[in-house]
file upload_0.pdb (PDB, C-alpha atoms and all ligand atoms)
ATOM      1  CA  MET A1359      -1.670 -10.759 -25.229
ATOM      2  CA  THR A1360      -2.676 -13.619 -22.982
ATOM      3  CA  ARG A1361      -0.946 -16.963 -23.400
ATOM      4  CA  ALA A1362      -3.013 -20.047 -22.620
ATOM      5  CA  VAL A1363      -2.269 -23.764 -22.740
ATOM      6  CA  LEU A1364      -4.985 -26.323 -23.531
ATOM      7  CA  ILE A1365      -4.566 -29.920 -22.341
ATOM      8  CA  GLY A1366      -7.203 -32.629 -22.562
ATOM      9  CA  ASP A1367      -7.894 -36.352 -22.164
ATOM     10  CA  ILE A1368      -5.066 -37.258 -19.801
ATOM     11  CA  HIS A1369      -6.793 -40.511 -18.788
ATOM     12  CA  CYS A1370      -4.695 -41.577 -15.813
ATOM     13  CA  TYR A1371      -5.442 -45.147 -14.797
ATOM     14  CA  GLN A1372      -4.530 -47.929 -12.427
ATOM     15  CA  LEU A1373      -4.430 -51.519 -13.588
ATOM     16  CA  TRP A1374      -5.198 -53.144 -10.257
ATOM     17  CA  VAL A1375      -8.188 -52.088  -8.235
ATOM     18  CA  ALA A1376      -9.853 -53.661  -5.202
ATOM     19  CA  PRO A1377     -12.677 -56.064  -6.139
ATOM     20  CA  TRP A1378     -15.246 -53.990  -4.200
ATOM     21  CA  GLN A1379     -14.427 -51.025  -6.443
ATOM     22  CA  LEU A1380     -15.372 -53.000  -9.561
ATOM     23  CA  LEU A1381     -18.962 -51.860  -9.612
ATOM     24  CA  GLY A1382     -21.251 -51.009 -12.509
ATOM     25  CA  LYS A1383     -19.661 -49.512 -15.569
ATOM     26  CA  ARG A1384     -16.199 -49.580 -13.964
ATOM     27  CA  ILE A1385     -16.015 -53.332 -14.721
ATOM     28  CA  LEU A1386     -16.309 -52.531 -18.437
ATOM     29  CA  GLY A1387     -13.712 -49.768 -18.094
ATOM     30  CA  GLN A1388     -11.217 -52.048 -16.353
ATOM     31  CA  ILE A1389     -11.684 -54.844 -18.918
ATOM     32  CA  ASN A1390     -11.035 -52.305 -21.668
ATOM     33  CA  LEU A1391      -7.879 -51.173 -19.799
ATOM     34  CA  TRP A1392      -6.500 -54.679 -19.415
ATOM     35  CA  LYS A1393      -7.257 -55.599 -23.011
ATOM     36  CA  SER A1394      -6.103 -52.554 -24.958
ATOM     37  CA  ARG A1395      -6.154 -49.102 -23.389
ATOM     38  CA  ARG A1396      -3.006 -49.633 -21.296
ATOM     39  CA  LYS A1397      -0.981 -50.251 -24.456
ATOM     40  CA  ARG A1398      -2.052 -46.927 -25.970
ATOM     41  CA  PHE A1399      -1.999 -44.572 -22.965
ATOM     42  CA  ASP A1400       1.155 -43.652 -21.063
ATOM     43  CA  ALA A1401       0.763 -41.076 -18.276
ATOM     44  CA  ALA A1402       4.559 -40.545 -18.162
ATOM     45  CA  ARG A1403       4.190 -38.529 -21.373
ATOM     46  CA  LEU A1404       2.287 -35.893 -19.440
ATOM     47  CA  ASP A1405       5.439 -35.017 -17.451
ATOM     48  CA  VAL A1406       7.280 -34.047 -20.661
ATOM     49  CA  VAL A1407       4.244 -32.061 -21.844
ATOM     50  CA  VAL A1408       4.051 -30.189 -18.522
ATOM     51  CA  GLN A1409       7.753 -29.261 -18.724
ATOM     52  CA  LYS A1410       7.375 -28.028 -22.294
ATOM     53  CA  ALA A1411       4.216 -26.045 -21.460
ATOM     54  CA  LEU A1412       5.995 -24.444 -18.477
ATOM     55  CA  ARG A1413       8.752 -23.144 -20.752
ATOM     56  CA  LEU A1414       6.130 -21.250 -22.800
ATOM     57  CA  GLY A1415       5.274 -19.163 -19.720
ATOM     58  CA  PRO A1416       1.453 -19.354 -19.933
ATOM     59  CA  GLU A1417      -0.821 -17.282 -17.704
ATOM     60  CA  LEU A1418      -3.875 -19.478 -18.241
ATOM     61  CA  LEU A1419      -4.348 -23.268 -18.244
ATOM     62  CA  LEU A1420      -7.454 -24.802 -19.835
ATOM     63  CA  LEU A1421      -8.258 -28.441 -19.058
ATOM     64  CA  SER A1422     -10.941 -30.056 -21.212
ATOM     65  CA  GLY A1423     -11.687 -33.121 -19.062
ATOM     66  CA  ASP A1424     -11.172 -36.901 -18.874
ATOM     67  CA  PHE A1425      -8.504 -36.626 -16.193
ATOM     68  CA  SER A1426      -9.297 -40.190 -15.136
ATOM     69  CA  THR A1427     -10.325 -43.450 -16.814
ATOM     70  CA  THR A1428     -12.950 -44.881 -14.451
ATOM     71  CA  ALA A1429     -13.358 -41.945 -11.990
ATOM     72  CA  MET A1430     -11.226 -43.524  -9.255
ATOM     73  CA  PRO A1431      -9.780 -41.160  -6.594
ATOM     74  CA  ARG A1432      -6.231 -42.377  -7.291
ATOM     75  CA  GLU A1433      -6.612 -41.581 -10.993
ATOM     76  CA  PHE A1434      -7.615 -37.986 -10.199
ATOM     77  CA  GLU A1435      -4.771 -37.709  -7.682
ATOM     78  CA  GLN A1436      -2.210 -38.891 -10.226
ATOM     79  CA  ALA A1437      -3.427 -36.430 -12.878
ATOM     80  CA  ILE A1438      -3.413 -33.514 -10.439
ATOM     81  CA  THR A1439       0.067 -34.382  -9.126
ATOM     82  CA  LYS A1440       1.470 -34.544 -12.641
ATOM     83  CA  LEU A1441      -0.131 -31.214 -13.592
ATOM     84  CA  LYS A1442       0.967 -29.485 -10.376
ATOM     85  CA  PRO A1443       4.125 -27.722 -11.680
ATOM     86  CA  LEU A1444       1.951 -26.125 -14.342
ATOM     87  CA  THR A1445      -1.111 -25.397 -12.201
ATOM     88  CA  ASP A1446       1.194 -23.743  -9.617
ATOM     89  CA  ALA A1447       2.892 -21.595 -12.264
ATOM     90  CA  VAL A1448      -0.117 -20.117 -14.079
ATOM     91  CA  GLN A1449      -2.375 -17.335 -12.779
ATOM     92  CA  GLN A1450      -5.609 -19.146 -13.584
ATOM     93  CA  VAL A1451      -6.720 -22.754 -14.163
ATOM     94  CA  LEU A1452     -10.115 -23.526 -15.714
ATOM     95  CA  ALA A1453     -11.337 -27.113 -15.993
ATOM     96  CA  VAL A1454     -14.437 -28.966 -17.148
ATOM     97  CA  PRO A1455     -15.175 -32.624 -16.343
ATOM     98  CA  GLY A1456     -15.157 -35.362 -18.980
ATOM     99  CA  ASN A1457     -17.438 -38.380 -19.176
ATOM    100  CA  HIS A1458     -14.713 -40.597 -17.678
ATOM    101  CA  ASP A1459     -14.594 -38.286 -14.632
ATOM    102  CA  ARG A1460     -18.278 -39.077 -14.035
ATOM    103  CA  TYR A1461     -17.893 -42.692 -15.070
ATOM    104  CA  THR A1462     -20.083 -44.212 -12.377
ATOM    105  CA  TYR A1463     -23.219 -42.963 -10.654
ATOM    106  CA  LEU A1464     -21.418 -43.271  -7.320
ATOM    107  CA  ALA A1465     -18.504 -41.093  -8.501
ATOM    108  CA  THR A1466     -21.027 -38.525  -9.675
ATOM    109  CA  ARG A1467     -23.113 -38.646  -6.503
ATOM    110  CA  SER A1468     -20.010 -38.215  -4.368
ATOM    111  CA  GLN A1469     -19.026 -35.185  -6.482
ATOM    112  CA  LEU A1470     -15.555 -36.547  -7.241
ATOM    113  CA  PRO A1471     -14.805 -34.025 -10.041
ATOM    114  CA  ARG A1472     -15.886 -31.195  -7.711
ATOM    115  CA  HIS A1473     -13.725 -32.610  -4.906
ATOM    116  CA  TYR A1474     -10.592 -32.961  -7.012
ATOM    117  CA  LEU A1475     -10.915 -30.091  -9.488
ATOM    118  CA  GLY A1476     -12.153 -27.662  -6.809
ATOM    119  CA  ASP A1477     -11.755 -24.007  -7.738
ATOM    120  CA  TRP A1478     -10.801 -24.862 -11.310
ATOM    121  CA  MET A1479     -14.520 -25.397 -11.948
ATOM    122  CA  PRO A1480     -17.118 -22.628 -11.520
ATOM    123  CA  ALA A1481     -19.717 -22.990  -8.769
ATOM    124  CA  LYS A1482     -22.346 -23.389 -11.484
ATOM    125  CA  PHE A1483     -22.338 -24.220 -15.209
ATOM    126  CA  PRO A1484     -22.463 -22.558 -17.672
ATOM    127  CA  ALA A1485     -20.088 -19.811 -16.576
ATOM    128  CA  MET A1486     -18.518 -16.928 -18.477
ATOM    129  CA  ILE A1487     -15.076 -16.150 -17.036
ATOM    130  CA  PRO A1488     -13.225 -13.044 -18.307
ATOM    131  CA  VAL A1489      -9.536 -13.861 -18.863
ATOM    132  CA  SER A1490      -8.348 -10.623 -20.515
ATOM    133  CA  LYS A1491      -9.676  -7.288 -21.800
ATOM    134  CA  SER A1492     -11.536  -8.829 -24.737
ATOM    135  CA  TRP A1493     -11.406 -12.615 -24.143
ATOM    136  CA  SER A1494     -13.664 -14.743 -21.942
ATOM    137  CA  VAL A1495     -13.895 -18.484 -21.369
ATOM    138  CA  LEU A1496     -17.413 -19.916 -21.503
ATOM    139  CA  MET A1497     -17.414 -23.158 -19.529
ATOM    140  CA  LEU A1498     -19.900 -25.951 -20.215
ATOM    141  CA  ASP A1499     -20.515 -29.156 -18.282
ATOM    142  CA  SER A1500     -21.360 -31.895 -20.775
ATOM    143  CA  ALA A1501     -20.495 -35.027 -18.771
ATOM    144  CA  VAL A1502     -23.101 -37.316 -17.231
ATOM    145  CA  PRO A1503     -22.853 -40.896 -15.943
ATOM    146  CA  ARG A1504     -24.296 -43.603 -18.227
ATOM    147  CA  LYS A1505     -24.835 -47.297 -17.639
ATOM    148  CA  ILE A1506     -23.415 -48.404 -21.000
ATOM    149  CA  THR A1507     -22.975 -45.607 -23.546
ATOM    150  CA  SER A1508     -20.672 -42.546 -23.504
ATOM    151  CA  ARG A1509     -23.273 -40.014 -24.579
ATOM    152  CA  GLY A1510     -22.936 -36.477 -23.188
ATOM    153  CA  GLU A1511     -25.655 -34.064 -22.154
ATOM    154  CA  LEU A1512     -25.927 -30.362 -21.327
ATOM    155  CA  GLY A1513     -29.579 -30.316 -20.259
ATOM    156  CA  GLN A1514     -32.199 -27.717 -21.138
ATOM    157  CA  GLU A1515     -31.437 -25.432 -18.196
ATOM    158  CA  GLN A1516     -27.766 -25.142 -19.208
ATOM    159  CA  ILE A1517     -28.738 -24.516 -22.835
ATOM    160  CA  ASN A1518     -31.132 -21.710 -21.789
ATOM    161  CA  GLN A1519     -28.441 -20.114 -19.618
ATOM    162  CA  LEU A1520     -25.887 -20.449 -22.418
ATOM    163  CA  ILE A1521     -28.171 -18.567 -24.830
ATOM    164  CA  ARG A1522     -28.685 -15.838 -22.217
ATOM    165  CA  LEU A1523     -24.938 -15.484 -21.598
ATOM    166  CA  LEU A1524     -24.167 -15.207 -25.311
ATOM    167  CA  ASP A1525     -27.013 -12.732 -25.885
ATOM    168  CA  ALA A1526     -25.655 -10.558 -23.066
ATOM    169  CA  THR A1527     -22.153 -10.459 -24.602
ATOM    170  CA  ALA A1528     -21.272  -7.243 -26.453
ATOM    171  CA  ASP A1529     -20.622  -7.400 -30.204
ATOM    172  CA  GLY A1530     -17.034  -8.072 -31.246
ATOM    173  CA  GLN A1531     -16.040  -9.838 -28.008
ATOM    174  CA  ASN A1532     -13.915 -13.000 -28.173
ATOM    175  CA  ILE A1533     -14.981 -16.238 -26.554
ATOM    176  CA  ILE A1534     -13.293 -19.556 -25.946
ATOM    177  CA  VAL A1535     -15.920 -22.183 -25.242
ATOM    178  CA  LEU A1536     -14.468 -24.923 -23.020
ATOM    179  CA  CYS A1537     -16.462 -28.164 -23.237
ATOM    180  CA  HIS A1538     -15.501 -31.839 -23.024
ATOM    181  CA  TYR A1539     -17.641 -33.176 -25.850
ATOM    182  CA  ALA A1540     -16.986 -32.584 -29.530
ATOM    183  CA  ILE A1541     -19.834 -31.335 -31.721
ATOM    184  CA  GLY A1542     -19.127 -33.123 -34.961
ATOM    185  CA  ASN A1543     -15.812 -33.691 -36.697
ATOM    186  CA  PRO A1544     -13.974 -32.441 -39.801
ATOM    187  CA  PRO A1545     -15.139 -34.056 -43.064
ATOM    188  CA  ALA A1546     -11.936 -36.099 -43.438
ATOM    189  CA  PHE A1547     -12.725 -38.052 -40.245
ATOM    190  CA  SER A1548     -15.214 -40.867 -39.972
ATOM    191  CA  ARG A1549     -18.411 -39.720 -38.282
ATOM    192  CA  MET A1550     -18.583 -39.958 -34.497
ATOM    193  CA  LYS A1551     -20.730 -42.835 -33.263
ATOM    194  CA  HIS A1552     -24.153 -41.910 -31.883
ATOM    195  CA  ASN A1553     -23.171 -43.484 -28.542
ATOM    196  CA  HIS A1554     -20.261 -41.052 -28.103
ATOM    197  CA  GLN A1555     -22.016 -37.856 -29.149
ATOM    198  CA  LEU A1556     -23.377 -34.961 -27.162
ATOM    199  CA  ALA A1557     -27.166 -35.334 -27.062
ATOM    200  CA  GLU A1558     -27.678 -31.646 -27.951
ATOM    201  CA  GLN A1559     -24.928 -31.585 -30.597
ATOM    202  CA  GLN A1560     -26.987 -29.894 -33.320
ATOM    203  CA  ALA A1561     -28.572 -27.413 -30.894
ATOM    204  CA  LEU A1562     -25.113 -26.317 -29.680
ATOM    205  CA  ILE A1563     -23.812 -25.971 -33.266
ATOM    206  CA  ASP A1564     -26.834 -23.770 -34.092
ATOM    207  CA  ILE A1565     -26.430 -21.621 -30.959
ATOM    208  CA  LEU A1566     -22.698 -21.060 -31.554
ATOM    209  CA  GLY A1567     -23.252 -20.489 -35.276
ATOM    210  CA  ARG A1568     -25.804 -17.753 -34.523
ATOM    211  CA  ALA A1569     -23.536 -16.107 -31.935
ATOM    212  CA  ALA A1570     -20.535 -16.300 -34.314
ATOM    213  CA  LYS A1571     -22.228 -13.745 -36.585
ATOM    214  CA  ARG A1572     -21.238 -11.036 -34.055
ATOM    215  CA  LEU A1573     -18.667 -12.717 -31.756
ATOM    216  CA  ASN A1574     -15.352 -14.479 -32.393
ATOM    217  CA  ILE A1575     -15.711 -18.006 -31.049
ATOM    218  CA  ILE A1576     -13.149 -20.778 -30.599
ATOM    219  CA  PHE A1577     -14.862 -23.990 -29.473
ATOM    220  CA  THR A1578     -12.269 -26.020 -27.523
ATOM    221  CA  HIS A1579     -12.942 -29.593 -26.488
ATOM    222  CA  GLY A1580     -11.524 -33.100 -26.230
ATOM    223  CA  HIS A1581     -13.313 -36.480 -26.047
ATOM    224  CA  VAL A1582     -12.413 -37.575 -29.602
ATOM    225  CA  HIS A1583      -8.814 -38.681 -29.190
ATOM    226  CA  TYR A1584      -7.363 -36.957 -32.189
ATOM    227  CA  PRO A1585      -6.252 -33.304 -32.312
ATOM    228  CA  TRP A1586      -7.630 -31.009 -34.982
ATOM    229  CA  ALA A1587      -7.959 -27.316 -35.877
ATOM    230  CA  TRP A1588     -11.082 -26.820 -37.965
ATOM    231  CA  PRO A1589     -12.534 -23.580 -39.346
ATOM    232  CA  ARG A1590     -16.210 -24.537 -39.480
ATOM    233  CA  ASP A1591     -18.779 -23.504 -42.050
ATOM    234  CA  GLU A1592     -20.979 -22.294 -39.170
ATOM    235  CA  GLY A1593     -18.524 -19.422 -38.610
ATOM    236  CA  PHE A1594     -16.648 -20.517 -35.479
ATOM    237  CA  PHE A1595     -13.331 -22.302 -35.027
ATOM    238  CA  ASP A1596     -13.204 -25.850 -33.627
ATOM    239  CA  LEU A1597     -10.125 -26.952 -31.679
ATOM    240  CA  ASN A1598      -9.732 -30.528 -30.433
ATOM    241  CA  SER A1599      -7.140 -30.841 -27.666
ATOM    242  CA  GLY A1600      -6.210 -34.461 -28.487
ATOM    243  CA  SER A1601      -4.674 -36.657 -25.801
ATOM    244  CA  PRO A1602      -1.050 -35.960 -24.765
ATOM    245  CA  THR A1603      -0.760 -39.411 -23.175
ATOM    246  CA  MET A1604      -2.151 -41.429 -26.095
ATOM    247  CA  MET A1605       0.034 -42.958 -28.795
ATOM    248  CA  ASP A1606      -1.303 -43.791 -32.249
ATOM    249  CA  PRO A1607       0.304 -44.325 -35.670
ATOM    250  CA  HIS A1608       0.038 -40.609 -36.526
ATOM    251  CA  PHE A1609       1.314 -39.432 -33.148
ATOM    252  CA  PRO A1610       3.607 -42.245 -31.905
ATOM    253  CA  HIS A1611       4.872 -40.116 -28.968
ATOM    254  CA  GLY A1612       1.521 -38.679 -27.877
ATOM    255  CA  GLN A1613      -0.913 -36.218 -29.438
ATOM    256  CA  GLY A1614       0.614 -33.112 -27.811
ATOM    257  CA  PHE A1615      -1.117 -29.989 -26.545
ATOM    258  CA  TRP A1616      -2.131 -26.509 -27.709
ATOM    259  CA  GLU A1617      -0.750 -23.058 -27.014
ATOM    260  CA  LEU A1618      -3.245 -20.206 -27.534
ATOM    261  CA  GLU A1619      -1.885 -16.689 -27.978
ATOM    262  CA  LEU A1620      -4.971 -14.544 -27.398
ATOM    263  CA  ASP A1621      -4.446 -11.087 -28.829
ATOM    264  CA  ASP A1622      -6.451  -8.179 -27.399
ATOM    265  CA  LYS A1623      -5.139  -5.380 -29.640
ATOM    266  CA  ASP A1624      -5.398  -7.125 -33.006
ATOM    267  CA  VAL A1625      -7.587 -10.214 -32.719
ATOM    268  CA  ALA A1626      -6.521 -11.415 -36.202
ATOM    269  CA  GLN A1627      -3.054 -12.000 -34.706
ATOM    270  CA  THR A1628      -4.492 -14.638 -32.363
ATOM    271  CA  CYS A1629      -2.483 -17.785 -32.943
ATOM    272  CA  LEU A1630      -3.031 -21.448 -32.061
ATOM    273  CA  THR A1631       0.085 -23.631 -31.950
ATOM    274  CA  HIS A1632       0.000 -27.423 -31.733
ATOM    275  CA  HIS A1633       3.092 -28.747 -29.938
ATOM    276  CA  VAL A1634       3.836 -32.416 -30.598
ATOM    277  CA  LEU A1635       6.579 -34.509 -29.010
ATOM    278  CA  GLN A1636       8.923 -36.298 -31.376
ATOM    279  CA  GLY A1637      11.531 -38.810 -30.254
ATOM    280  CA  SER A1638      12.438 -40.208 -26.869
ATOM    281  CA  PHE A1639      11.922 -38.798 -23.360
ATOM    282  CA  ASP A1640      15.718 -38.462 -22.905
ATOM    283  CA  ASN A1641      16.061 -36.241 -25.928
ATOM    284  CA  PRO A1642      12.642 -34.671 -26.461
ATOM    285  CA  LYS A1643      12.168 -32.731 -29.664
ATOM    286  CA  TRP A1644       8.997 -30.828 -30.480
ATOM    287  CA  THR A1645       7.302 -29.851 -33.697
ATOM    288  CA  GLN A1646       4.948 -26.879 -33.983
ATOM    289  CA  THR A1647       2.039 -26.294 -36.344
ATOM    290  CA  GLN A1648       0.303 -22.900 -36.317
ATOM    291  CA  PHE A1649      -3.217 -21.762 -37.172
ATOM    292  CA  ARG A1650      -4.870 -18.321 -37.252
ATOM    293  CA  PRO A1651      -8.450 -18.937 -36.086
ATOM    294  CA  ILE A1652      -9.800 -15.421 -36.697
ATOM    295  CA  LYS A1653      -9.731 -13.695 -40.064
TER     296      LYS A1653
HETATM  297 FE    FE B   1     -11.198 -39.184 -23.460
HETATM  298 FE    FE B   2     -14.486 -38.330 -23.153
END
call {"tool": "encode", "arguments": {"input": "upload_0.pdb", "output": "structure tokens"}}
result
Amino acid sequence: MTRAVLIGDIHCYQLWVAPWQLLGKRILGQINLWKSRRKRFDAARLDVVVQKALRLGPELLLLSGDFSTTAMPREFEQAITKLKPLTDAVQQVLAVPGNHDRYTYLATRSQLPRHYLGDWMPAKFPAMIPVSKSWSVLMLDSAVPRKITSRGELGQEQINQLIRLLDATADGQNIIVLCHYAIGNPPAFSRMKHNHQLAEQQALIDILGRAAKRLNIIFTHGHVHYPWAWPRDEGFFDLNSGSPTMMDPHFPHGQGFWELELDDKDVAQTCLTHHVLQGSFDNPKWTQTQFRPIK
């Protein structure tokens, strides 16, 4: 059994930035921070999450992107420093960038995610990384800079490679897809806005649905700031990391993180546990909700 932890949408930020850094879309991002985002996101919550995750003794850490808010170096540095006890403790860290990590064209051109996330990202996307005897992590890069919208994109080349990688995978293997963007949402949620969607959303659903006829697939992602565990009609399981640093009426102490117990011997025993902080930092209490993604 391999134990993994999934953390997404940390969104570290700084309220005061030098005027010359307020270029392009970052101006919009900073206005949003000053007006509302700073009241909902609290990076200090990540420290409690990291301590809790450490106690689970994971071997693998999956990071689904949006480490930063406006792709500033100091935001990346803060996220990486806070994650360090956990990244030092696990055997393997795998990370994909979020749209906020490629917030500006300059941040993208200067390869900031590559600089800060380093070996946690593969040299090239998509990449299939074996993590145990029967489990692999299929990493997708869905984040692109945009002038106004937050739309994601894989691109045709990545889609073609993805199809080839899935076709080359032996029947009965188990795959965790790690991607920043969601591909739809459970029926109880209001539909994602066009501006926030992945451009190839339907194509990716179709590709994964086809592959799920002979492979076990858990599609892990973030981007929509609300955690969910969703057995989809298309035959694969959809797991939204949620944001551990974001407070909302349903999760007043942050949206928690996921523990994945990946079973090699009996895949039906694979278990996903959502850990959510309840109460104050001084006296942290956690609740757990469990799901079996594979029948
Ligand atoms: Fe996000
Ligand atoms: Fe995002």
call {"tool": "residues_around", "arguments": {"input": "upload_0.pdb", "residues": "A:Gln1555", "least_positions_apart": "2", "cutoff": "12 Å", "atoms": "only C-alpha atoms", "output": "PyMOL selection string"}}
result
chain A and resi 1457+1500-1502+1507-1512+1538-1543+1549-1553+1557-1560+1562+1580-1582
call {"tool": "residues_near_ligand", "arguments": {"input": "upload_0.pdb", "ligand": "ligand FE 1 (chain B)", "cutoff": "9 Å", "atoms": "all atoms listed in the file", "output": "PyMOL selection string"}}
result
chain A and resi 1366-1369+1423-1427+1456-1458+1538+1580-1583+1600-1601
call {"tool": "write_last_selection", "arguments": {"input": "upload_0.pdb", "atoms": "C-alpha atoms", "output": "compact mmCIF listing (two decimals), keeping the file's coordinate frame"}}
result
# COMPACT_ATOMS: atom_id res chain seq x y z
CA GLY A 1366 -7.20 -32.63 -22.56
CA ASP A 1367 -7.89 -36.35 -22.16
CA ILE A 1368 -5.07 -37.26 -19.80
CA HIS A 1369 -6.79 -40.51 -18.79
CA GLY A 1423 -11.69 -33.12 -19.06
CA ASP A 1424 -11.17 -36.90 -18.87
CA PHE A 1425 -8.50 -36.63 -16.19
CA SER A 1426 -9.30 -40.19 -15.14
CA THR A 1427 -10.32 -43.45 -16.81
CA GLY A 1456 -15.16 -35.36 -18.98
CA ASN A 1457 -17.44 -38.38 -19.18
CA HIS A 1458 -14.71 -40.60 -17.68
CA HIS A 1538 -15.50 -31.84 -23.02
CA GLY A 1580 -11.52 -33.10 -26.23
CA HIS A 1581 -13.31 -36.48 -26.05
CA VAL A 1582 -12.41 -37.58 -29.60
CA HIS A 1583 -8.81 -38.68 -29.19
CA GLY A 1600 -6.21 -34.46 -28.49
CA SER A 1601 -4.67 -36.66 -25.80
call {"tool": "residues_around", "arguments": {"input": "upload_0.pdb", "residues": "stretch 1447-1454 of chain A", "least_positions_apart": "5", "cutoff": "8 Å", "atoms": "all atoms listed in the file", "output": "PDB file with C-alpha atoms, in the frame of the given file"}}
result
ATOM      1  CA  LEU A1412       5.995 -24.444 -18.477  1.00  0.00           C
ATOM      2  CA  GLY A1415       5.274 -19.163 -19.720  1.00  0.00           C
ATOM      3  CA  PRO A1416       1.453 -19.354 -19.933  1.00  0.00           C
ATOM      4  CA  GLU A1417      -0.821 -17.282 -17.704  1.00  0.00           C
ATOM      5  CA  LEU A1418      -3.875 -19.478 -18.241  1.00  0.00           C
ATOM      6  CA  LEU A1419      -4.348 -23.268 -18.244  1.00  0.00           C
ATOM      7  CA  LEU A1420      -7.454 -24.802 -19.835  1.00  0.00           C
ATOM      8  CA  LEU A1421      -8.258 -28.441 -19.058  1.00  0.00           C
ATOM      9  CA  SER A1422     -10.941 -30.056 -21.212  1.00  0.00           C
ATOM     10  CA  GLY A1423     -11.687 -33.121 -19.062  1.00  0.00           C
ATOM     11  CA  LEU A1475     -10.915 -30.091  -9.488  1.00  0.00           C
ATOM     12  CA  TRP A1478     -10.801 -24.862 -11.310  1.00  0.00           C
ATOM     13  CA  MET A1479     -14.520 -25.397 -11.948  1.00  0.00           C
ATOM     14  CA  MET A1497     -17.414 -23.158 -19.529  1.00  0.00           C
ATOM     15  CA  LEU A1498     -19.900 -25.951 -20.215  1.00  0.00           C
ATOM     16  CA  ASP A1499     -20.515 -29.156 -18.282  1.00  0.00           C
ATOM     17  CA  LEU A1536     -14.468 -24.923 -23.020  1.00  0.00           C
ATOM     18  CA  CYS A1537     -16.462 -28.164 -23.237  1.00  0.00           C
ATOM     19  CA  HIS A1538     -15.501 -31.839 -23.024  1.00  0.00           C
TER      20      HIS A1538
END
call {"tool": "closest_residue", "arguments": {"input": "upload_0.pdb", "among": "A:Thr1527, A:Leu1364, A:Ala1570, A:Trp1588", "to": "A:Phe1547", "atoms": "only C-alpha atoms"}}
result
A:Trp1588
call {"tool": "atom_distance", "arguments": {"input": "upload_0.pdb", "atom1": "atom CA of A:Thr1439", "atom2": "atom CA of A:Gly1637"}}
result
24.4 Å
call {"tool": "residues_around", "arguments": {"input": "upload_0.pdb", "residues": "A:Ser1490", "least_positions_apart": "2", "cutoff": "8 Å", "atoms": "all atoms listed in the file", "output": "VMD selection string"}}
result
chain A and resid 1360 1488 1492 to 1494 1622
call {"tool": "closest_residue", "arguments": {"input": "upload_0.pdb", "among": "A:Phe1483, A:Glu1617, A:Thr1628, A:Asp1564", "to": "A:Arg1413", "atoms": "only C-alpha atoms"}}
result
A:Glu1617
call {"tool": "closest_residue", "arguments": {"input": "upload_0.pdb", "among": "A:Met1605, A:Ala1429, A:Ile1575, A:Leu1464", "to": "ligand FE 2 (chain B)", "atoms": "all atoms listed in the file"}}
result
A:Ala1429
call {"tool": "closest_residue", "arguments": {"input": "upload_0.pdb", "among": "A:Ala1546, A:Val1408, A:Leu1520, A:Val1535", "to": "A:Ala1437", "atoms": "all atoms listed in the file"}}
result
A:Val1408
call {"tool": "closest_residue", "arguments": {"input": "upload_0.pdb", "among": "A:Arg1460, A:His1632, A:His1611, A:Lys1482", "to": "A:Ala1401", "atoms": "all atoms listed in the file"}}
result
A:His1611
call {"tool": "axis_aligned_box", "arguments": {"input": "upload_0.pdb", "around": "stretch 1501-1506 of chain A", "padding_each_side": "6 Å", "output": "lines of an AutoDock Vina configuration file"}}
result
center_x = -22.7
center_y = -41.7
center_z = -18.5
size_x = 16.3
size_y = 25.4
size_z = 17.1
